[in-house]
file query_18.cif (mmCIF, C-alpha atoms)
data_model
#
loop_
_atom_site.label_atom_id
_atom_site.label_comp_id
_atom_site.auth_asym_id
_atom_site.auth_seq_id
_atom_site.Cartn_x
_atom_site.Cartn_y
_atom_site.Cartn_z
CA MET A 1 0.00 0.00 0.00
CA THR A 2 1.48 3.36 -0.99
CA ALA A 3 1.41 6.37 1.31
CA THR A 4 -1.00 8.03 -1.11
CA VAL A 5 -3.49 5.17 -0.90
CA PHE A 6 -3.10 5.05 2.88
CA TRP A 7 -4.10 8.70 3.21
CA GLN A 8 -6.87 8.32 0.65
CA LEU A 9 -8.32 5.53 2.80
CA VAL A 10 -7.86 7.41 6.07
CA LEU A 11 -9.29 10.70 4.85
CA GLY A 12 -11.97 9.21 2.61
CA PHE A 13 -13.47 6.75 5.07
CA GLY A 14 -12.78 8.99 8.06
CA ALA A 15 -14.83 11.75 6.46
CA ILE A 16 -17.64 9.35 5.61
CA SER A 17 -17.76 8.03 9.17
CA LEU A 18 -18.32 11.49 10.62
CA VAL A 19 -21.54 12.01 8.69
CA SER A 20 -22.75 8.43 8.79
CA VAL A 21 -26.22 7.86 10.12
CA GLY A 22 -27.85 4.48 10.29
CA GLY A 23 -24.90 2.16 9.94
CA GLY A 24 -22.85 0.51 7.25
CA ILE A 25 -25.42 0.13 4.51
CA ALA A 26 -26.67 3.71 4.61
CA VAL A 27 -23.18 5.02 3.77
CA LEU A 28 -22.76 2.70 0.80
CA PRO A 29 -23.66 5.38 -1.79
CA GLU A 30 -20.83 7.53 -0.45
CA MET A 31 -18.42 4.59 -0.44
CA HIS A 32 -19.41 3.93 -4.04
CA ARG A 33 -18.53 7.50 -4.90
CA LEU A 34 -15.16 7.17 -3.21
CA VAL A 35 -13.98 3.79 -4.50
CA VAL A 36 -15.69 3.68 -7.92
CA GLU A 37 -16.25 7.28 -9.02
CA VAL A 38 -13.47 9.32 -7.41
CA HIS A 39 -10.57 6.86 -7.30
CA GLY A 40 -11.65 4.31 -9.91
CA TRP A 41 -10.38 1.46 -7.72
CA MET A 42 -12.99 -0.98 -9.01
CA SER A 43 -15.91 -1.31 -11.43
CA ASP A 44 -19.58 -1.00 -10.55
CA ALA A 45 -20.05 -4.78 -10.83
CA ASP A 46 -16.96 -5.45 -8.71
CA PHE A 47 -18.33 -3.11 -6.05
CA ALA A 48 -21.62 -5.02 -5.98
CA ARG A 49 -19.81 -8.39 -5.81
CA ARG A 50 -17.61 -7.30 -2.93
CA PHE A 51 -20.65 -6.07 -1.05
CA ALA A 52 -22.26 -9.47 -1.69
CA LEU A 53 -19.17 -11.19 -0.30
CA ALA A 54 -19.28 -9.09 2.86
CA GLN A 55 -23.00 -9.66 3.19
CA ALA A 56 -22.56 -13.41 3.02
CA ALA A 57 -20.29 -13.19 6.08
CA PRO A 58 -21.44 -12.42 9.63
CA GLY A 59 -20.56 -9.26 11.53
CA PRO A 60 -21.34 -5.55 11.44
CA ASN A 61 -22.36 -4.37 7.95
CA VAL A 62 -19.78 -1.60 8.08
CA LEU A 63 -17.04 -4.23 7.69
CA VAL A 64 -17.57 -4.07 3.93
CA VAL A 65 -15.08 -1.17 4.02
CA GLY A 66 -12.49 -3.79 4.93
CA LEU A 67 -12.95 -5.47 1.54
CA PHE A 68 -12.56 -2.16 -0.28
CA GLY A 69 -9.40 -1.44 1.73
CA TRP A 70 -8.11 -4.96 1.06
CA HIS A 71 -8.49 -4.43 -2.67
CA VAL A 72 -6.12 -1.45 -2.70
CA GLY A 73 -3.80 -2.32 0.17
CA GLY A 74 -4.05 -5.95 1.28
CA ILE A 75 -4.38 -6.67 4.98
CA GLY A 76 -2.93 -3.25 5.87
CA GLY A 77 -5.50 -1.58 3.65
CA MET A 78 -8.26 -3.61 5.27
CA LEU A 79 -7.26 -2.56 8.79
CA THR A 80 -6.70 1.06 7.72
CA ALA A 81 -10.13 1.31 6.13
CA VAL A 82 -11.91 -0.32 9.08
CA LEU A 83 -10.11 1.84 11.64
CA ALA A 84 -10.65 5.04 9.64
CA MET A 85 -14.33 4.19 9.42
CA THR A 86 -14.78 3.31 13.09
CA LEU A 87 -12.21 5.01 15.32
CA PRO A 88 -13.25 8.69 15.15
CA THR A 89 -16.91 7.99 15.86
CA SER A 90 -16.00 5.40 18.50
CA LEU A 91 -14.15 8.03 20.50
CA MET A 92 -17.19 10.25 20.21
CA ALA A 93 -19.50 7.46 21.33
CA PHE A 94 -17.21 6.77 24.29
CA GLY A 95 -17.44 10.40 25.30
CA PHE A 96 -21.21 10.36 25.06
CA SER A 97 -21.35 7.10 26.93
CA ARG A 98 -20.37 8.94 30.09
CA LEU A 99 -23.38 11.22 29.63
CA ARG A 100 -25.71 8.36 28.77
CA ALA A 101 -27.48 8.24 32.10
CA ARG A 102 -28.32 11.92 31.80
CA LEU A 103 -29.31 11.68 28.14
CA ALA A 104 -31.38 8.51 28.08
CA GLY A 105 -35.04 9.08 27.40
CA LYS A 106 -34.67 12.84 26.90
CA MET A 107 -37.39 14.27 24.68
CA TRP A 108 -35.06 16.13 22.30
CA LEU A 109 -33.02 13.00 21.86
CA ARG A 110 -36.10 11.00 20.87
CA ILE A 111 -37.04 13.78 18.45
CA ALA A 112 -33.56 13.80 16.92
CA GLU A 113 -33.63 10.03 16.60
CA ARG A 114 -37.05 10.06 14.96
CA GLY A 115 -35.97 12.78 12.59
CA LEU A 116 -32.79 10.99 11.53
CA VAL A 117 -34.28 7.53 11.03
CA PRO A 118 -36.12 8.41 7.78
CA ILE A 119 -32.88 9.83 6.35
CA ALA A 120 -31.12 6.59 7.24
CA VAL A 121 -33.89 4.52 5.64
CA GLY A 122 -33.82 6.69 2.51
CA LEU A 123 -30.06 6.20 2.30
CA ILE A 124 -30.44 2.44 2.71
CA ALA A 125 -32.91 2.41 -0.18
CA ALA A 126 -30.43 4.47 -2.24
CA SER A 127 -27.76 1.86 -1.47
CA GLY A 128 -30.07 -0.85 -2.77
CA LEU A 129 -30.61 1.13 -5.94
CA ILE A 130 -26.88 1.53 -6.54
CA LEU A 131 -26.19 -2.13 -5.83
CA ALA A 132 -29.02 -3.16 -8.14
CA ARG A 133 -27.55 -1.02 -10.88
CA GLY A 134 -24.14 -2.62 -10.37
CA SER A 135 -25.42 -6.18 -10.38
CA ALA A 136 -28.13 -5.94 -13.08
CA THR A 137 -26.15 -7.23 -16.04
CA GLY A 138 -29.23 -8.74 -17.68
CA TRP A 139 -32.79 -9.69 -16.97
CA ILE A 140 -31.95 -12.71 -14.79
CA PRO A 141 -30.11 -10.72 -12.09
CA ALA A 142 -32.79 -8.04 -12.32
CA LEU A 143 -35.44 -10.69 -11.62
CA VAL A 144 -33.38 -12.04 -8.72
CA THR A 145 -33.19 -8.53 -7.26
CA ALA A 146 -36.95 -8.04 -7.64
CA GLY A 147 -37.69 -11.43 -6.10
CA SER A 148 -35.29 -10.81 -3.24
CA THR A 149 -36.86 -7.40 -2.55
CA LEU A 150 -40.29 -9.00 -2.22
CA PHE A 151 -38.94 -11.89 -0.14
CA VAL A 152 -37.27 -9.64 2.41
CA TRP A 153 -40.06 -7.08 2.44
CA ARG A 154 -43.04 -9.44 2.66
CA THR A 155 -41.71 -12.37 4.73
CA ASP A 156 -39.87 -12.78 8.01
CA TYR A 157 -37.54 -15.56 6.93
CA SER A 158 -33.81 -14.98 7.38
CA PRO A 159 -32.34 -13.07 4.42
CA LEU A 160 -29.64 -15.73 4.26
CA TRP A 161 -32.12 -17.94 2.38
CA ILE A 162 -32.45 -15.45 -0.42
CA LEU A 163 -28.67 -14.93 -0.60
CA ALA A 164 -28.31 -18.71 -0.92
CA GLY A 165 -31.05 -18.67 -3.56
CA GLY A 166 -29.14 -15.98 -5.45
CA ALA A 167 -26.01 -18.17 -5.31
CA VAL A 168 -27.89 -21.13 -6.80
CA VAL A 169 -29.44 -19.04 -9.58
CA GLY A 170 -26.02 -17.53 -10.29
CA ALA A 171 -24.31 -20.93 -10.50
CA LEU A 172 -26.99 -22.37 -12.81
CA LEU A 173 -27.98 -19.46 -15.02
CA LEU A 174 -25.35 -16.73 -15.05
CA MET B 1 -36.63 -2.16 37.39
CA SER B 2 -39.27 -3.03 39.98
CA GLU B 3 -38.54 -4.62 43.36
CA THR B 4 -39.86 -8.01 42.30
CA ASP B 5 -37.49 -8.47 39.34
CA PRO B 6 -34.72 -10.97 40.02
CA PRO B 7 -31.37 -9.15 40.13
CA ARG B 8 -29.77 -8.78 36.72
CA PRO B 9 -26.47 -10.59 36.31
CA VAL B 10 -23.40 -8.37 35.89
CA PRO B 11 -20.97 -9.73 33.30
CA THR B 12 -17.26 -10.05 33.93
CA LEU B 13 -14.90 -8.51 31.39
CA LEU B 14 -14.30 -11.96 29.90
CA ASP B 15 -18.08 -12.58 29.65
CA LEU B 16 -18.41 -9.29 27.84
CA PHE B 17 -15.61 -10.15 25.41
CA LEU B 18 -16.86 -13.67 24.69
CA THR B 19 -20.48 -12.63 24.35
CA TYR B 20 -19.74 -9.80 21.93
CA GLY B 21 -17.44 -12.15 20.04
CA LYS B 22 -20.37 -14.51 19.67
CA ILE B 23 -22.71 -11.69 18.62
CA GLY B 24 -20.24 -10.70 15.89
CA LEU B 25 -19.92 -14.22 14.54
CA ILE B 26 -23.63 -15.09 14.51
CA GLY B 27 -24.63 -11.62 13.31
CA PHE B 28 -25.61 -12.36 9.75
CA GLY B 29 -27.26 -9.50 7.94
CA GLY B 30 -26.31 -6.89 10.54
CA ILE B 31 -25.76 -6.98 14.25
CA ASN B 32 -28.59 -5.18 15.98
CA ALA B 33 -31.29 -7.83 16.03
CA TRP B 34 -28.81 -10.42 17.30
CA ALA B 35 -27.33 -8.12 19.92
CA ARG B 36 -30.77 -7.48 21.39
CA ARG B 37 -31.58 -11.17 21.43
CA VAL B 38 -28.36 -12.13 23.22
CA LEU B 39 -28.03 -9.18 25.63
CA VAL B 40 -31.67 -8.83 26.62
CA GLU B 41 -33.17 -12.30 26.23
CA GLU B 42 -30.32 -14.76 26.72
CA LYS B 43 -27.97 -12.98 29.14
CA ARG B 44 -30.47 -10.57 30.73
CA TRP B 45 -27.72 -7.97 31.26
CA LEU B 46 -30.01 -5.21 30.04
CA THR B 47 -33.74 -4.62 29.89
CA ASP B 48 -35.44 -4.10 26.55
CA GLN B 49 -35.92 -0.45 27.43
CA GLU B 50 -32.26 0.02 28.35
CA TYR B 51 -31.10 -1.60 25.14
CA ALA B 52 -33.50 0.44 23.03
CA GLU B 53 -32.32 3.68 24.66
CA THR B 54 -28.67 2.75 24.15
CA LEU B 55 -29.31 1.93 20.52
CA GLY B 56 -31.31 5.14 20.11
CA LEU B 57 -28.41 7.21 21.37
CA GLY B 58 -26.10 5.21 19.09
CA GLN B 59 -28.39 6.14 16.21
CA VAL B 60 -28.22 9.87 16.88
CA LEU B 61 -24.42 9.85 17.08
CA PRO B 62 -22.48 9.39 13.85
CA GLY B 63 -21.00 5.97 13.21
CA PRO B 64 -22.51 2.50 13.00
CA ASN B 65 -25.14 2.31 15.73
CA ALA B 66 -24.28 -1.31 16.59
CA LEU B 67 -20.71 -0.22 17.29
CA ASN B 68 -21.80 2.82 19.30
CA ALA B 69 -24.13 0.61 21.33
CA ALA B 70 -21.35 -1.93 21.98
CA ILE B 71 -19.07 0.84 23.26
CA MET B 72 -21.74 2.12 25.62
CA VAL B 73 -22.66 -1.33 26.90
CA GLY B 74 -18.99 -2.16 27.45
CA ASP B 75 -18.41 1.14 29.24
CA ARG B 76 -21.47 0.64 31.40
CA PHE B 77 -20.19 -2.63 32.86
CA HIS B 78 -16.41 -2.26 32.75
CA GLY B 79 -15.46 1.32 31.93
CA THR B 80 -12.70 1.91 29.42
CA ALA B 81 -11.63 -1.74 29.34
CA GLY B 82 -15.19 -2.80 28.56
CA ALA B 83 -15.55 -0.11 25.93
CA ILE B 84 -12.57 -1.63 24.13
CA ALA B 85 -13.32 -5.32 24.78
CA ALA B 86 -16.93 -5.37 23.55
CA PRO B 87 -16.48 -3.70 20.14
CA GLY B 88 -13.04 -5.31 19.72
CA ALA B 89 -14.57 -8.77 20.07
CA MET B 90 -17.54 -7.84 17.89
CA PHE B 91 -15.24 -6.76 15.02
CA GLY B 92 -12.29 -9.11 15.58
CA GLY B 93 -13.87 -12.45 14.74
CA PRO B 94 -15.73 -11.29 11.61
CA LEU B 95 -12.65 -9.37 10.44
CA ILE B 96 -10.55 -12.56 10.44
CA LEU B 97 -13.27 -14.34 8.46
CA LEU B 98 -13.44 -11.43 6.06
CA ALA B 99 -9.68 -11.51 5.46
CA GLY B 100 -10.12 -15.19 4.53
CA LEU B 101 -12.94 -14.31 2.14
CA ALA B 102 -10.87 -11.52 0.59
CA MET B 103 -8.02 -13.95 -0.06
CA PHE B 104 -10.49 -16.38 -1.59
CA TYR B 105 -11.85 -13.62 -3.80
CA ASP B 106 -8.37 -12.61 -4.96
CA ALA B 107 -7.51 -16.21 -5.79
CA TYR B 108 -10.78 -17.42 -7.33
CA GLY B 109 -12.84 -14.29 -8.03
CA GLU B 110 -12.27 -14.55 -11.76
CA VAL B 111 -13.11 -18.27 -12.01
CA PRO B 112 -16.34 -18.27 -14.07
CA VAL B 113 -18.48 -20.30 -11.68
CA VAL B 114 -17.37 -18.25 -8.63
CA LYS B 115 -18.02 -15.06 -10.54
CA ALA B 116 -21.47 -16.32 -11.53
CA ILE B 117 -22.35 -17.31 -7.96
CA LEU B 118 -21.23 -13.95 -6.63
CA ALA B 119 -23.19 -12.14 -9.35
CA GLY B 120 -26.28 -14.04 -8.20
CA VAL B 121 -25.62 -13.25 -4.54
CA ALA B 122 -24.97 -9.61 -5.46
CA ALA B 123 -28.34 -9.36 -7.21
CA ALA B 124 -30.05 -10.96 -4.20
CA ALA B 125 -28.16 -8.70 -1.77
CA ALA B 126 -29.31 -5.62 -3.70
CA GLY B 127 -32.90 -6.79 -3.34
CA MET B 128 -32.30 -7.56 0.32
CA VAL B 129 -31.22 -3.98 0.94
CA ILE B 130 -34.20 -2.51 -0.94
CA GLY B 131 -36.55 -4.92 0.83
CA THR B 132 -35.09 -3.94 4.22
CA ALA B 133 -35.76 -0.27 3.49
CA ALA B 134 -39.32 -1.10 2.43
CA LYS B 135 -39.90 -3.15 5.55
CA MET B 136 -38.50 -0.47 7.84
CA THR B 137 -40.72 2.14 6.21
CA GLN B 138 -43.75 -0.07 6.69
CA LYS B 139 -42.95 -0.66 10.37
CA LEU B 140 -42.21 2.99 11.10
CA LYS B 141 -45.42 4.21 9.46
CA PRO B 142 -43.91 7.69 9.06
CA PRO B 143 -46.25 10.69 8.83
CA PRO B 144 -46.17 12.30 5.34
CA ALA B 145 -43.52 14.92 6.22
CA LEU B 146 -41.07 12.31 7.50
CA LEU B 147 -41.80 10.04 4.54
CA ALA B 148 -40.97 12.97 2.27
CA VAL B 149 -37.64 13.49 4.05
CA GLY B 150 -36.80 9.82 3.50
CA LEU B 151 -37.77 9.97 -0.17
CA VAL B 152 -35.68 13.09 -0.73
CA ALA B 153 -32.71 11.29 0.88
CA LEU B 154 -33.28 8.33 -1.47
CA VAL B 155 -33.45 10.47 -4.61
CA ALA B 156 -30.61 12.78 -3.58
CA ALA B 157 -28.19 9.95 -2.75
CA GLY B 158 -29.43 7.23 -5.11
CA VAL B 159 -30.36 9.16 -8.25
CA PHE B 160 -28.55 12.51 -8.13
CA ARG B 161 -25.60 11.04 -6.24
CA LEU B 162 -25.19 14.08 -4.04
CA PRO B 163 -22.41 13.79 -1.45
CA LEU B 164 -23.49 12.29 1.86
CA PRO B 165 -22.60 15.32 4.03
CA TRP B 166 -24.96 17.46 1.96
CA VAL B 167 -27.73 14.93 2.18
CA VAL B 168 -27.40 14.29 5.92
CA LEU B 169 -26.68 17.82 7.09
CA GLY B 170 -29.16 19.34 4.62
CA LEU B 171 -32.02 17.04 5.54
CA ALA B 172 -31.42 16.62 9.28
CA PRO B 173 -33.06 19.95 10.25
CA PHE B 174 -36.15 19.10 8.20
CA GLY B 175 -36.30 15.59 9.64
CA ILE B 176 -36.00 16.89 13.18
CA LEU B 177 -38.60 19.61 12.61
CA ALA B 178 -40.99 17.08 11.09
CA ALA B 179 -40.41 14.68 13.99
CA ARG B 180 -41.01 17.43 16.51
CA HIS B 181 -44.22 18.39 14.78
CA ALA B 182 -45.37 14.77 14.63
CA MET B 183 -44.64 14.15 18.33
CA ARG B 184 -46.38 17.34 19.43
CA ALA B 185 -49.44 16.51 17.39
CA LYS B 186 -49.93 13.26 19.31
#
call {"tool": "encode", "arguments": {"input": "query_18.cif", "output": "structure tokens"}}
result
Amino acid sequence: MTATVFWQLVLGFGAISLVSVGGGIAVLPEMHRLVVEVHGWMSDADFARRFALAQAAPGPNVLVVGLFGWHVGGIGGMLTAVLAMTLPTSLMAFGFSRLRARLAGKMWLRIAERGLVPIAVGLIAASGLILARGSATGWIPALVTAGSTLFVWRTDYSPLWILAGGAVVGALLL
Amino acid sequence: MSETDPPRPVPTLLDLFLTYGKIGLIGFGGINAWARRVLVEEKRWLTDQEYAETLGLGQVLPGPNALNAAIMVGDRFHGTAGAIAAPGAMFGGPLILLAGLAMFYDAYGEVPVVKAILAGVAAAAAGMVIGTAAKMTQKLKPPPALLAVGLVALVAAGVFRLPLPWVVLGLAPFGILAARHAMRAK
């Protein structure tokens, strides 16, 4: 990993982390901008495949940044990206943790939370849109995406089933 | 907590580390649902209300809310050491797995059948994300003003590809105003 890439990871993901609401998936559009549009580190389809790889593994969704970091800097890039994405906000959360008892249940906090949740949900939907665009190389993947949307939306089964279903369709038809 | 509740167990630092390690490794599709299940139902370290409030505060702060919640839960039981142990365990296990997957992808990512399988999973994962957003919207039943804020976020980030800081900082005041209005109206 070159020094340039190191700082691109630190500054890029560090900046994203400071405005992230709603977790790893909601910031995916911004990660897409960084790794696909700004730096051209990977193609649209590669981005979608790496997200799929991360999604097939357990753990916090935000870990997908590790795969983007890995792509440009191996294990060092992975750790750099994950730390850049998590350390600044973790320190902030630690600071707030000491105030938690005083903050819990406060009206303005509930209002702020309720006001931010729709933004997070909108950003999650935007992530889905971007991923769908990256993975829709024909009508079969588009149908898989549509089917998976309905499956997750309308049923309460674990989403792992539909990821496994996607794997089977991919192996047989793509 | 009322007087009749049995006392809640207090975890040791090792308990905290092992339990968050487990949450990380079983946490398919995101951590939060699993964390609640383990911390509230299995271990009974926190009440539902306590966990919801911790997660709510984690949501308001920037950063992944599961991580913010893990830091606060760790700090609550074991101070600084806990605040490092809980998120460290939650990320450590999955990170090792992910490094393995990344090596696999580097070695076999271009093999046609692997590529095809991943393309299928990618298409399904895209749908999973859209479906999750749809489901959350349905559960939240947002009043029209909040729904509009969410839709603007979707179009701004997903269609116009505006930078995230603009979207979040630009929409947050409207979201908060709409939420305040909605909560006063009740």
call {"tool": "closest_residue", "arguments": {"input": "query_18.cif", "among": "B:Ala119, B:Val167, B:Val155, B:Val129", "to": "A:Thr137", "atoms": "all atoms listed in the file"}}
result
B:Ala119
call {"tool": "atom_distance", "arguments": {"input": "query_18.cif", "atom1": "atom CA of B:Gly63", "atom2": "atom CA of A:Leu150"}}
result
28.9 Å
call {"tool": "closest_residue", "arguments": {"input": "query_18.cif", "among": "A:Ala101, A:Ala81, A:Ala167, A:Leu173", "to": "chain B", "atoms": "all atoms listed in the file"}}
result
A:Ala167
call {"tool": "resolve_selection", "arguments": {"input": "query_18.cif", "expression": "the PyMOL selection byres ((chain A and resi 35) around 12)", "output": "JSON, numbers by chain"}}
result
{"A": [5, 8, 9, 12, 13, 28, 29, 30, 31, 32, 33, 34, 36, 37, 38, 39, 40, 41, 42, 43, 44, 46, 47, 48, 50, 65, 67, 68, 69, 70, 71, 72, 81]}
call {"tool": "closest_residue", "arguments": {"input": "query_18.cif", "among": "B:Ala134, B:Leu55, B:Ala70, B:Met103", "to": "chain A", "atoms": "all atoms listed in the file"}}
result
B:Ala134
call {"tool": "closest_residue", "arguments": {"input": "query_18.cif", "among": "B:Glu53, B:Glu41, B:Asp15, B:Asp48", "to": "chain A", "atoms": "only C-alpha atoms"}}
result
B:Glu53
call {"tool": "resolve_selection", "arguments": {"input": "query_18.cif", "expression": "the PyMOL selection byres ((chain B and resi 183) around 12)", "output": "list in words"}}
result
Met107, Trp108, Arg110, Ile111, Ala112, Glu113, Arg114 and Gly115 of chain A; Pro142, Pro143, Leu146, Ile176, Leu177, Ala178, Ala179, Arg180, His181, Ala182, Arg184, Ala185 and Lys186 of chain B
call {"tool": "atom_distance", "arguments": {"input": "query_18.cif", "atom1": "atom CA of A:Ala164", "atom2": "atom CA of A:Val144"}}
result
11.4 Å
